[in-house]
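A short worksheet on the structure shown next.
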Amino acid sequence: MRLAVNVDHIATLREARGENEPDPVIAAGICELAGAEGIVCHLREDRRHINDRDVRLLRDVVKTKLDLEMAATDEMLKIAIETLPEIVTLVPEKRKELTTEGGLNMASEKERLKDYIKELRSKEISVSLFIDPEPVNVDLAIELNADIIEIHTGKFANTRTERDQITELSKIGVTARMASELGLVVTAGHGLNYTNIFPLLSIAEIQEVSIGHSLMARAVFTGLQKAVEDMLNIVRRIN
Ligand code: PXP
């Protein structure tokens, strides 16, 4: 399993003070030096953390893979095509949410999304769709011609009983297996931390996880390099 690190929260800290530090671009370099296999940033419509300058510089600096998370709007399409990240992850976006709350609703705008994805893929950008773990979403991702699905693990991460956790894990497993059999690359993310990630390691089809908040929270105390290394040891199953 590979690790992609989301650097949004470094920018959140910067924006809290309205200064120019800490810089998510420097964070990306440290994450890569520590062994992360990808860097993720979410350019939100309201630019609450990552901004246009960050995306431009991240594009220049990131040597692994840059995954630009964004809503499927015209503005973001233009930015993606100018920036050419390796991956675009399409997510739903609500102005008032604290973080992405659910997977994409693809059924309601299939034709528009199909064209949108076609445009990105024509620029050799791989397209990932952030989906809730339901088989119907895999069918839709195939229909829309996506390359990757990122399974939303938020509900799994928020479970409070073993029984609920098993139910959610099983949904993730079924979705991952189905997507993999149909030729999609399978990744997962949201709400994953140094504890709840362990059961996910049993799902061999999940090739990559995307982690931000818990990793940055640990980095405050241990330093970013160590926080990335600690997570890499888990996903690479090194004791
Ligand atoms: N994947 C997606 C699509 C996200 O929107 C986020 C949050 O920005 C993450 C992964 C990472 O989630 P977390 O910060 O909870 O690790």
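Following the order of the structure tokens, first chain is A, next is B, and so on, with residues numbered from 1 inside each chain and ligands from 1 in the order they appear.
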
### Query
What residues have any atom no more than 8 Å from ligand 1 when counting only C-alpha atoms and all ligand atoms, and can you list them as a ChimeraX atom specification?
/A:6,8-9,41-42,69,89-91,99-101,130,150,152,154,188-193,209-215

Neighbouring residues of A:Arg237 were defined as those with any atom within 9 Å, considering only C-alpha atoms; residues of the same chain fewer than 4 positions away were excluded. Please report them as an mmCIF file with all heavy atoms, in the first residue's frame.
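Output below, filename around.cif:
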```
data_model
loop_
_atom_site.group_PDB
_atom_site.id
_atom_site.type_symbol
_atom_site.label_atom_id
_atom_site.label_comp_id
_atom_site.auth_asym_id
_atom_site.auth_seq_id
_atom_site.Cartn_x
_atom_site.Cartn_y
_atom_site.Cartn_z
ATOM 1 N N MET A 1 0.845 -1.199 0.000
ATOM 2 C CA MET A 1 0.000 0.000 0.000
ATOM 3 C C MET A 1 0.888 1.259 0.000
ATOM 4 O O MET A 1 1.862 1.319 0.737
ATOM 5 C CB MET A 1 -0.877 -0.028 1.262
ATOM 6 C CG MET A 1 -1.999 0.974 1.240
ATOM 7 S SD MET A 1 -2.916 0.925 2.811
ATOM 8 C CE MET A 1 -4.172 -0.276 2.490
ATOM 9 N N LEU A 201 -5.626 -2.659 5.971
ATOM 10 C CA LEU A 201 -4.470 -3.330 5.367
ATOM 11 C C LEU A 201 -4.845 -4.721 4.849
ATOM 12 O O LEU A 201 -4.158 -5.285 4.003
ATOM 13 C CB LEU A 201 -3.320 -3.457 6.375
ATOM 14 C CG LEU A 201 -2.786 -2.152 6.966
ATOM 15 C CD1 LEU A 201 -1.676 -2.441 7.957
ATOM 16 C CD2 LEU A 201 -2.282 -1.215 5.876
ATOM 17 N N LEU A 232 4.267 5.373 7.043
ATOM 18 C CA LEU A 232 4.800 4.474 6.000
ATOM 19 C C LEU A 232 5.108 3.096 6.580
ATOM 20 O O LEU A 232 4.863 2.072 5.934
ATOM 21 C CB LEU A 232 6.070 5.070 5.396
ATOM 22 C CG LEU A 232 5.852 6.114 4.310
ATOM 23 C CD1 LEU A 232 7.176 6.785 3.953
ATOM 24 C CD2 LEU A 232 5.223 5.494 3.060
ATOM 25 N N ASN A 233 5.625 3.069 7.795
ATOM 26 C CA ASN A 233 5.918 1.774 8.420
ATOM 27 C C ASN A 233 4.650 0.948 8.583
ATOM 28 O O ASN A 233 4.665 -0.266 8.447
ATOM 29 C CB ASN A 233 6.583 1.964 9.787
ATOM 30 C CG ASN A 233 8.028 2.379 9.631
ATOM 31 O OD1 ASN A 233 8.619 2.213 8.563
ATOM 32 N ND2 ASN A 233 8.604 2.930 10.683
#
```

### Task
Mind the document's chain letters and residue numbers, and return as a ChimeraX atom specification the residues of chain A that DSSP labels strand (DSSP E or B).
/A:2-6,38-42,66-70,87-90,126-131,148-152,185-189,208-211

Neighbours of A:Thr175 within 6 Å (only C-alpha atoms; same-chain residues fewer than 6 positions away dropped), as a JSON list (two decimals) with all heavy atoms, in the first residue's frame?
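Writing done, so here's selection.json:
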```json
[["chain", "number", "residue", "atom", "x", "y", "z"],
["A", 133, "PRO", "N", -18.56, 3.89, -0.42],
["A", 133, "PRO", "CA", -18.36, 2.47, -0.74],
["A", 133, "PRO", "C", -19.66, 1.72, -1.04],
["A", 133, "PRO", "O", -20.20, 1.01, -0.19],
["A", 133, "PRO", "CB", -17.66, 1.92, 0.52],
["A", 133, "PRO", "CG", -18.03, 2.85, 1.61],
["A", 133, "PRO", "CD", -18.29, 4.18, 1.00],
["A", 134, "GLU", "N", -20.15, 1.90, -2.26],
["A", 134, "GLU", "CA", -21.36, 1.21, -2.73],
["A", 134, "GLU", "C", -21.07, 0.70, -4.13],
["A", 134, "GLU", "O", -20.58, 1.48, -4.97],
["A", 134, "GLU", "CB", -22.55, 2.18, -2.82],
["A", 134, "GLU", "CG", -22.92, 2.92, -1.55],
["A", 134, "GLU", "CD", -23.59, 2.02, -0.52],
["A", 134, "GLU", "OE1", -23.98, 0.89, -0.89],
["A", 134, "GLU", "OE2", -23.71, 2.45, 0.63],
["A", 135, "PRO", "N", -21.40, -0.56, -4.44],
["A", 135, "PRO", "CA", -21.13, -1.10, -5.78],
["A", 135, "PRO", "C", -21.70, -0.24, -6.91],
["A", 135, "PRO", "O", -21.08, -0.11, -7.96],
["A", 135, "PRO", "CB", -21.78, -2.48, -5.74],
["A", 135, "PRO", "CG", -21.71, -2.86, -4.30],
["A", 135, "PRO", "CD", -21.88, -1.59, -3.52]]
```

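The list of residues with at least one atom within 9 Å of A:Ile234, based on only C-alpha atoms and without residues fewer than 6 positions apart in the same chain, reads Tyr194, Ile197, Phe198 and Leu201 of chain A.
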